[in-house]
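Engineer: Have a peek at input-v6.cif (mmCIF, C-alpha atoms).
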```cif
data_entry
#
loop_
_atom_site.label_atom_id
_atom_site.label_comp_id
_atom_site.auth_asym_id
_atom_site.auth_seq_id
_atom_site.Cartn_x
_atom_site.Cartn_y
_atom_site.Cartn_z
CA MET A 1 61.85 -30.14 50.58
CA SER A 2 64.91 -27.93 50.13
CA PRO A 3 68.28 -29.66 49.70
CA THR A 4 70.55 -29.93 52.73
CA PRO A 5 73.82 -27.97 52.89
CA VAL A 6 75.68 -31.19 52.03
CA GLU A 7 73.50 -31.65 48.95
CA LEU A 8 73.95 -28.02 47.94
CA ARG A 9 77.74 -28.36 48.18
CA GLU A 10 77.55 -31.37 45.86
CA ILE A 11 75.40 -29.44 43.39
CA ALA A 12 77.96 -26.62 43.45
CA ARG A 13 80.74 -29.11 42.71
CA VAL A 14 78.81 -30.42 39.69
CA VAL A 15 78.18 -26.87 38.47
CA ARG A 16 81.90 -26.06 38.68
CA ARG A 17 82.67 -29.14 36.59
CA ASP A 18 80.04 -28.05 34.06
CA ILE A 19 81.70 -24.63 33.78
CA LEU A 20 85.06 -26.19 32.95
CA THR A 21 83.54 -28.48 30.33
CA MET A 22 81.53 -25.69 28.71
CA ILE A 23 84.50 -23.37 28.42
CA LEU A 24 86.83 -26.09 27.14
CA GLU A 25 84.27 -27.03 24.48
CA ALA A 26 83.70 -23.40 23.47
CA GLY A 27 87.38 -22.53 23.42
CA SER A 28 86.71 -19.35 25.38
CA GLY A 29 84.83 -18.01 28.37
CA HIS A 30 85.30 -16.49 31.80
CA LEU A 31 86.45 -19.05 34.33
CA GLY A 32 87.56 -17.18 37.45
CA GLY A 33 84.45 -15.10 38.05
CA SER A 34 82.12 -17.94 37.09
CA LEU A 35 83.72 -20.28 39.63
CA SER A 36 83.57 -17.68 42.41
CA ALA A 37 79.82 -17.11 41.94
CA VAL A 38 78.71 -20.76 41.98
CA ASP A 39 77.78 -21.09 45.65
CA ILE A 40 75.78 -17.86 45.57
CA LEU A 41 73.74 -19.00 42.58
CA THR A 42 73.32 -22.53 43.93
CA VAL A 43 71.84 -21.31 47.21
CA LEU A 44 69.56 -18.87 45.38
CA TYR A 45 68.12 -21.36 42.89
CA TRP A 46 67.79 -24.37 45.19
CA GLY A 47 67.16 -22.83 48.56
CA VAL A 48 65.86 -19.28 48.27
CA MET A 49 64.13 -18.19 45.08
CA LYS A 50 60.47 -18.77 44.32
CA ILE A 51 60.60 -20.19 40.78
CA ARG A 52 58.86 -22.61 38.40
CA PRO A 53 61.37 -24.22 35.99
CA ASP A 54 58.43 -25.77 34.14
CA ARG A 55 57.03 -22.24 33.65
CA PRO A 56 60.03 -19.92 33.17
CA SER A 57 57.78 -16.90 32.54
CA TRP A 58 55.57 -17.42 35.61
CA GLU A 59 54.56 -13.88 36.60
CA ASP A 60 54.99 -14.33 40.35
CA ARG A 61 58.50 -15.81 40.22
CA ASP A 62 61.44 -14.18 41.93
CA ARG A 63 63.82 -12.52 39.45
CA LEU A 64 67.59 -12.86 39.08
CA ILE A 65 69.64 -10.20 37.31
CA LEU A 66 73.19 -11.39 36.59
CA SER A 67 74.90 -8.03 36.46
CA LYS A 68 78.32 -9.72 36.31
CA ALA A 69 77.28 -11.11 32.95
CA HIS A 70 80.62 -12.72 32.18
CA ALA A 71 79.70 -15.35 34.81
CA ALA A 72 77.03 -16.65 32.41
CA PRO A 73 78.52 -20.19 32.39
CA ALA A 74 77.72 -20.52 36.09
CA LEU A 75 74.14 -19.36 35.60
CA TYR A 76 73.62 -21.55 32.52
CA SER A 77 74.73 -24.64 34.41
CA VAL A 78 72.52 -23.79 37.39
CA LEU A 79 69.50 -23.30 35.13
CA ALA A 80 70.15 -26.58 33.31
CA ARG A 81 70.65 -28.52 36.54
CA ARG A 82 67.51 -26.90 37.95
CA GLY A 83 65.48 -28.17 34.99
CA TYR A 84 64.98 -25.15 32.71
CA TYR A 85 66.49 -27.01 29.73
CA ASP A 86 68.44 -30.15 28.89
CA VAL A 87 71.92 -30.34 30.41
CA ARG A 88 73.25 -31.33 26.98
CA GLU A 89 72.57 -27.75 25.85
CA LEU A 90 75.58 -26.68 27.92
CA LEU A 91 77.90 -28.13 25.28
CA THR A 92 76.61 -25.56 22.78
CA PHE A 93 77.86 -22.61 24.86
CA ARG A 94 78.97 -19.70 22.64
CA GLN A 95 78.20 -21.58 19.44
CA LEU A 96 76.38 -19.96 16.54
CA ARG A 97 72.59 -20.10 17.03
CA SER A 98 72.95 -21.62 20.52
CA LYS A 99 70.53 -20.36 23.16
CA LEU A 100 73.55 -20.05 25.48
CA GLN A 101 75.59 -17.12 24.25
CA GLY A 102 78.56 -15.42 25.92
CA PHE A 103 76.28 -13.06 27.83
CA PRO A 104 72.69 -13.86 28.92
CA ASP A 105 69.85 -13.12 26.50
CA MET A 106 66.33 -13.13 27.96
CA HIS A 107 64.78 -13.55 24.51
CA ASN A 108 66.50 -16.85 23.72
CA THR A 109 67.29 -18.59 27.01
CA PRO A 110 64.65 -20.00 29.39
CA GLY A 111 65.11 -18.69 32.91
CA ILE A 112 66.98 -15.50 32.03
CA ASP A 113 65.20 -12.46 33.46
CA ALA A 114 67.30 -9.70 31.84
CA SER A 115 69.64 -9.35 28.90
CA VAL A 116 72.90 -8.07 30.37
CA GLY A 117 76.47 -7.48 29.29
CA SER A 118 77.78 -4.01 30.00
CA SER A 119 79.19 -3.83 33.52
CA GLY A 120 77.34 -1.77 36.10
CA GLN A 121 73.84 -1.87 34.62
CA GLY A 122 72.27 -4.77 36.50
CA LEU A 123 71.25 -2.94 39.65
CA SER A 124 69.44 -0.28 37.65
CA ILE A 125 67.51 -3.07 35.89
CA ALA A 126 66.72 -4.68 39.24
CA ASN A 127 65.38 -1.38 40.55
CA GLY A 128 63.15 -0.96 37.53
CA VAL A 129 61.76 -4.49 37.90
CA ALA A 130 61.09 -3.90 41.61
CA MET A 131 59.36 -0.59 40.99
CA ALA A 132 57.17 -2.16 38.30
CA ALA A 133 56.29 -5.00 40.67
CA ARG A 134 55.28 -2.52 43.35
CA LYS A 135 53.05 -0.68 40.88
CA ASP A 136 51.44 -3.96 39.81
CA GLY A 137 50.91 -5.15 43.37
CA LYS A 138 53.35 -8.06 43.02
CA SER A 139 55.37 -9.36 45.96
CA PHE A 140 58.22 -11.21 44.25
CA ARG A 141 61.82 -10.44 45.17
CA VAL A 142 64.56 -9.25 42.81
CA TYR A 143 68.11 -10.52 43.23
CA CYS A 144 71.04 -8.82 41.51
CA VAL A 145 74.41 -10.61 41.47
CA MET A 146 77.24 -8.16 40.88
CA GLY A 147 81.01 -8.29 40.59
CA ASP A 148 83.10 -6.10 42.87
CA GLY A 149 84.85 -4.54 39.86
CA GLU A 150 81.46 -3.17 38.84
CA ALA A 151 81.55 -0.87 41.84
CA HIS A 152 84.05 1.22 39.88
CA GLU A 153 81.10 2.24 37.68
CA GLY A 154 79.24 5.42 38.62
CA GLN A 155 75.92 3.94 37.55
CA VAL A 156 76.13 1.43 40.41
CA TRP A 157 76.09 4.25 42.95
CA GLU A 158 73.27 6.07 41.18
CA ALA A 159 71.29 2.83 41.34
CA ALA A 160 72.22 2.38 45.01
CA MET A 161 70.84 5.84 45.82
CA THR A 162 67.69 5.15 43.80
CA ALA A 163 66.92 1.88 45.56
CA ALA A 164 67.38 3.44 48.99
CA HIS A 165 65.39 6.57 48.11
CA HIS A 166 62.42 4.49 46.94
CA ARG A 167 62.76 2.05 49.86
CA LEU A 168 62.93 -0.93 47.51
CA ASP A 169 63.01 -3.66 50.14
CA SER A 170 62.29 -6.33 47.52
CA VAL A 171 65.76 -5.71 46.04
CA CYS A 172 68.62 -7.83 47.30
CA ALA A 173 72.00 -7.20 45.69
CA VAL A 174 74.88 -9.63 46.10
CA ILE A 175 78.46 -8.55 45.50
CA ASP A 176 80.81 -11.39 44.56
CA ARG A 177 83.74 -9.86 46.46
CA ASN A 178 86.67 -11.84 45.03
CA HIS A 179 88.95 -8.74 44.89
CA MET A 180 89.98 -9.59 41.33
CA MET A 181 89.17 -8.34 37.85
CA GLY A 182 90.68 -8.91 34.44
CA ASP A 183 93.46 -6.37 34.96
CA GLY A 184 94.42 -7.32 38.51
CA ASN A 185 93.39 -6.63 42.09
CA THR A 186 90.42 -4.26 42.47
CA GLU A 187 92.17 -2.38 45.27
CA ASP A 188 95.23 -1.69 43.10
CA ILE A 189 93.18 -0.45 40.16
CA LEU A 190 90.77 1.73 42.15
CA ALA A 191 90.36 1.14 45.88
CA LEU A 192 86.87 0.12 46.99
CA SER A 193 87.45 -0.48 50.69
CA PRO A 194 85.71 -0.05 53.01
CA LEU A 195 83.05 -1.30 50.60
CA GLU A 196 80.58 -2.42 53.25
CA GLU A 197 80.63 1.01 54.90
CA LYS A 198 79.99 2.75 51.58
CA TRP A 199 76.80 0.74 51.10
CA ARG A 200 75.66 1.35 54.66
CA THR A 201 76.19 5.06 54.11
CA PHE A 202 73.94 4.77 51.07
CA ASN A 203 71.27 3.46 53.48
CA TRP A 204 71.38 -0.22 52.53
CA HIS A 205 71.05 -3.08 54.98
CA VAL A 206 74.44 -4.80 54.62
CA ILE A 207 75.21 -8.42 55.52
CA GLU A 208 78.78 -9.75 55.25
CA VAL A 209 79.33 -13.48 54.71
CA ASP A 210 81.76 -16.08 53.45
CA GLY A 211 80.50 -16.43 49.89
CA HIS A 212 81.42 -20.12 49.77
CA ASN A 213 79.69 -21.06 53.02
CA ILE A 214 76.28 -22.50 52.21
CA GLU A 215 74.89 -22.02 55.71
CA GLN A 216 76.02 -18.39 55.93
CA LEU A 217 74.60 -17.58 52.51
CA SER A 218 71.25 -19.21 53.33
CA ALA A 219 70.99 -17.28 56.60
CA ALA A 220 71.92 -14.01 54.87
CA PHE A 221 69.20 -14.37 52.25
CA GLY A 222 66.70 -15.14 54.99
CA GLU A 223 67.74 -12.03 56.91
CA ALA A 224 67.52 -9.88 53.78
CA ALA A 225 63.97 -11.07 53.12
CA SER A 226 62.94 -9.92 56.60
CA VAL A 227 64.20 -6.36 56.17
CA LYS A 228 61.50 -3.75 55.53
CA GLY A 229 61.87 -0.23 54.19
CA GLN A 230 65.35 -0.50 52.69
CA PRO A 231 67.18 -2.64 50.11
CA SER A 232 69.67 -5.27 51.23
CA LEU A 233 73.22 -6.00 50.14
CA ILE A 234 74.99 -9.28 50.78
CA LEU A 235 78.74 -8.74 50.61
CA ALA A 236 79.97 -12.25 49.82
CA ARG A 237 83.70 -12.72 50.34
CA THR A 238 84.80 -15.15 47.64
CA VAL A 239 87.84 -16.57 45.88
CA LYS A 240 88.26 -16.03 42.16
CA GLY A 241 88.66 -19.44 40.51
CA LYS A 242 87.26 -21.21 43.60
CA GLY A 243 87.70 -24.98 43.58
CA VAL A 244 90.65 -25.18 41.19
CA PRO A 245 93.87 -24.49 43.14
CA PHE A 246 95.96 -23.27 40.21
CA MET A 247 93.23 -20.77 39.26
CA GLU A 248 92.44 -19.41 42.72
CA ASN A 249 93.28 -15.74 43.28
CA ARG A 250 94.95 -15.53 39.88
CA PRO A 251 93.60 -12.60 37.81
CA GLU A 252 94.93 -14.12 34.58
CA TRP A 253 92.23 -16.79 34.92
CA HIS A 254 89.57 -14.15 34.43
CA ASP A 255 89.28 -15.32 30.81
CA ARG A 256 92.38 -17.39 30.02
CA ARG A 257 92.08 -20.20 27.46
CA LEU A 258 91.73 -23.69 28.96
CA THR A 259 93.86 -26.47 27.44
CA GLU A 260 93.01 -30.20 27.55
CA GLU A 261 95.83 -30.82 30.03
CA LEU A 262 94.76 -28.01 32.36
CA TYR A 263 91.15 -29.13 32.03
CA GLU A 264 92.07 -32.61 33.26
CA ASP A 265 93.99 -31.14 36.20
CA ALA A 266 91.06 -28.89 37.09
CA MET A 267 88.52 -31.72 36.87
CA LYS A 268 90.68 -33.86 39.18
CA ALA A 269 90.64 -31.05 41.72
CA LEU A 270 86.83 -31.10 41.58
CA SER A 271 86.42 -34.89 41.60
#
```
Re-express the file's structure as structure tokens.

Structural biologist:
Amino acid sequence: MSPTPVELREIARVVRRDILTMILEAGSGHLGGSLSAVDILTVLYWGVMKIRPDRPSWEDRDRLILSKAHAAPALYSVLARRGYYDVRELLTFRQLRSKLQGFPDMHNTPGIDASVGSSGQGLSIANGVAMAARKDGKSFRVYCVMGDGEAHEGQVWEAAMTAAHHRLDSVCAVIDRNHMMGDGNTEDILALSPLEEKWRTFNWHVIEVDGHNIEQLSAAFGEAASVKGQPSLILARTVKGKGVPFMENRPEWHDRRLTEELYEDAMKALS
């Protein structure tokens, strides 16, 4: 039985606490964008995706491509809490020879479906996986979680055209629309709005939701799965640094160092 929305919100709270602990222990890491993506990943791994944590390489599993690779702490916590590996592994984040490096590595970490790092490449990978699945007669779905800053990359739009041209309805992209990137507000650096209309023009089925609302996210993924003949995009409106008031909507928390004192304040906010 799938967890209730109340249970999913509690899981998301635990994941946010994990992220803080991992990054404090490592001495570095990307906080803001990891915290904004938590609810998206929680709904996917507990309520949407067809997976087997006891068999990470199960051929018929749904795939997840974390194109916003700097949010790896969020994905690592979700995978650990979902049972892919021991939760204690999270304390080795970014350490030498750890299976949990700064960016996901499919060759060393159970549950990782693609090695990613360079912004803008994830959707192209998702397309390739979906096209291979179609050729092999497989019906699994491919989810690609992207940052909104990635939409500044030309490759994203090439991939958007490709998915629509090939009618890749097994592809569901999710944009973590927190409006922030390391250098500031996305709209100040290079305006993206109206982002939803751009994707519709590229012949994608677009669904707009509150990216921290469990019920809205669950419904959106269900709607996307019902769409035939075109790929789907879930535009999830989020808050960078979600859950920690002094980090929310502050671009400097993209990858700012976390001190013991600030860690304690952040954990209190998530208690």

Engineer: Quick one: residues within 8 Å of Thr42 in chain A, all atoms listed in the file, excluding same-chain residues fewer than 6 positions away - as a PyMOL selection string?

Structural biologist: chain A and resi 8+11-12+78

Engineer: Could you check which of A:Glu7, A:Thr162, A:Met106, A:Gly117 is closest to Ser57 in chain A, using all atoms listed in the file?

Structural biologist: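 Using all atoms listed in the file, Ser57 in chain A sits closest to A:Met106.
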
Engineer: Report as a PyMOL selection string the full result of the PyMOL selection byres ((chain A and resi 212-216) around 12) when it is applied to this structure.

Structural biologist: chain A and resi 3-13+35-44+46-48+176-178+207-211+217-223+234-243

Engineer: To one decimal place, how far is CA of Gly122 in chain A from CA of Asp18 in chain A in Å?

Structural biologist: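 Spanning CA of Gly122 in chain A to CA of Asp18 in chain A is a straight-line distance of 24.7 Å.
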
Engineer: Could you list, as number ranges by chain, every residue matched by the PyMOL selection byres ((chain A and resi 121) around 12) in this structure?

Structural biologist: A: 65-69, 114-120, 122-128, 144-147, 150-160

Engineer: With C-alpha atoms retained, write the just-selected residues as a compact mmCIF listing (two decimals), keeping the file's coordinate frame.

Structural biologist:
```
# COMPACT_ATOMS: atom_id res chain seq x y z
CA ILE A 65 69.64 -10.20 37.31
CA LEU A 66 73.19 -11.39 36.59
CA SER A 67 74.90 -8.03 36.46
CA LYS A 68 78.32 -9.72 36.31
CA ALA A 69 77.28 -11.11 32.95
CA ALA A 114 67.30 -9.70 31.84
CA SER A 115 69.64 -9.35 28.90
CA VAL A 116 72.90 -8.07 30.37
CA GLY A 117 76.47 -7.48 29.29
CA SER A 118 77.78 -4.01 30.00
CA SER A 119 79.19 -3.83 33.52
CA GLY A 120 77.34 -1.77 36.10
CA GLY A 122 72.27 -4.77 36.50
CA LEU A 123 71.25 -2.94 39.65
CA SER A 124 69.44 -0.28 37.65
CA ILE A 125 67.51 -3.07 35.89
CA ALA A 126 66.72 -4.68 39.24
CA ASN A 127 65.38 -1.38 40.55
CA GLY A 128 63.15 -0.96 37.53
CA CYS A 144 71.04 -8.82 41.51
CA VAL A 145 74.41 -10.61 41.47
CA MET A 146 77.24 -8.16 40.88
CA GLY A 147 81.01 -8.29 40.59
CA GLU A 150 81.46 -3.17 38.84
CA ALA A 151 81.55 -0.87 41.84
CA HIS A 152 84.05 1.22 39.88
CA GLU A 153 81.10 2.24 37.68
CA GLY A 154 79.24 5.42 38.62
CA GLN A 155 75.92 3.94 37.55
CA VAL A 156 76.13 1.43 40.41
CA TRP A 157 76.09 4.25 42.95
CA GLU A 158 73.27 6.07 41.18
CA ALA A 159 71.29 2.83 41.34
CA ALA A 160 72.22 2.38 45.01
```

Engineer: In Å, rounded to a single decimal, give me how far CA of Asp62 in chain A is from CA of Thr201 in chain A.

Structural biologist: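 Interatomic distance, CA of Thr201 in chain A to CA of Asp62 in chain A: 27.1 Å.
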
Engineer: May I ask for the distance between CA of Val174 in chain A and CA of Tyr45 in chain A, given in Å to one decimal place?

Structural biologist: 13.9 Å

Engineer: Within 8 Å of (79.7, -3.7, 49.9), in the coordinates the file gives, what residues turn up when you count all atoms listed in the file, written out as a list of chain:residue names?

Structural biologist: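 Here is the list of nearby residues: A:Ile175, A:Pro194, A:Leu195, A:Glu196, A:Glu197, A:Lys198, A:Trp199, A:Val206, A:Leu233, A:Ile234, A:Leu235.
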
Engineer: Choose the residue, out of A:Arg257, A:Ile19, A:Arg61, A:Asp54, that has the smallest atom-to-atom separation from Tyr84 in chain A; count only C-alpha atoms.

Structural biologist: A:Asp54

Engineer: Translate the PyMOL selection byres ((chain A and resi 143) around 7), as applied to the file shown, into an explicit residue set as a list in words.

Structural biologist: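 So the PyMOL selection byres ((chain A and resi 143) around 7), applied here, picks out Arg63, Leu64, Ile65, Arg141, Val142, Cys144, Val145, Val171, Cys172 and Ala173 of chain A.
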
Engineer: Would you please work out which residue, of A:Ala269, A:Leu100, A:Met22, A:Val227, is nearest to Phe246 in chain A when using all atoms listed in the file?

Structural biologist: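 The answer is A:Ala269, which sits nearest to Phe246 in chain A.
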
Engineer: So, counting only C-alpha atoms, which residue among A:Asp169, A:Trp204, A:Lys228, A:Asp148 is closest to Glu187 in chain A?

Structural biologist: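 Of A:Asp169, A:Trp204, A:Lys228, A:Asp148, the one nearest Glu187 in chain A, counting only C-alpha atoms, is A:Asp148.
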
Engineer: Excluding same-chain residues fewer than 4 positions from Ser77 in chain A, what lies within 9 Å of it counting all atoms listed in the file, as a PyMOL selection string?

Structural biologist: chain A and resi 14-16+18-19+22+72-73+81-82+87+90

Engineer: Write out as number ranges by chain each polymer residue whose atoms come within 12 Å of range 91-94 of chain A, counting all atoms listed in the file; drop sequence neighbours fewer than 3 positions from it.

Structural biologist: A: 18-30, 70, 72-77, 80, 86-88, 97-105, 109

Engineer: Which residue out of A:His179, A:Arg17, A:His205, A:Lys268 has the minimum interatomic distance to Pro251 in chain A when all atoms listed in the file are used?

Structural biologist: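 Closest candidate: A:His179.
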
Engineer: Have a look at A:Lys50, A:Pro245, A:Arg167, A:Met180 and name the one nearest to Leu262 in chain A; count all atoms listed in the file.

Structural biologist: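 Using all atoms listed in the file, the shortest distance to Leu262 in chain A belongs to A:Pro245.
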
Engineer: To box range 78-83 of chain A, take all atoms listed in the file, fit an axis-aligned box, add 6 Å on each side, and give centre and edge lengths in Å to one decimal, as AutoDock Vina command-line options.

Structural biologist:
```
--center_x 69.0 --center_y -25.9 --center_z 35.6 --size_x 19.0 --size_y 17.2 --size_z 16.6
```
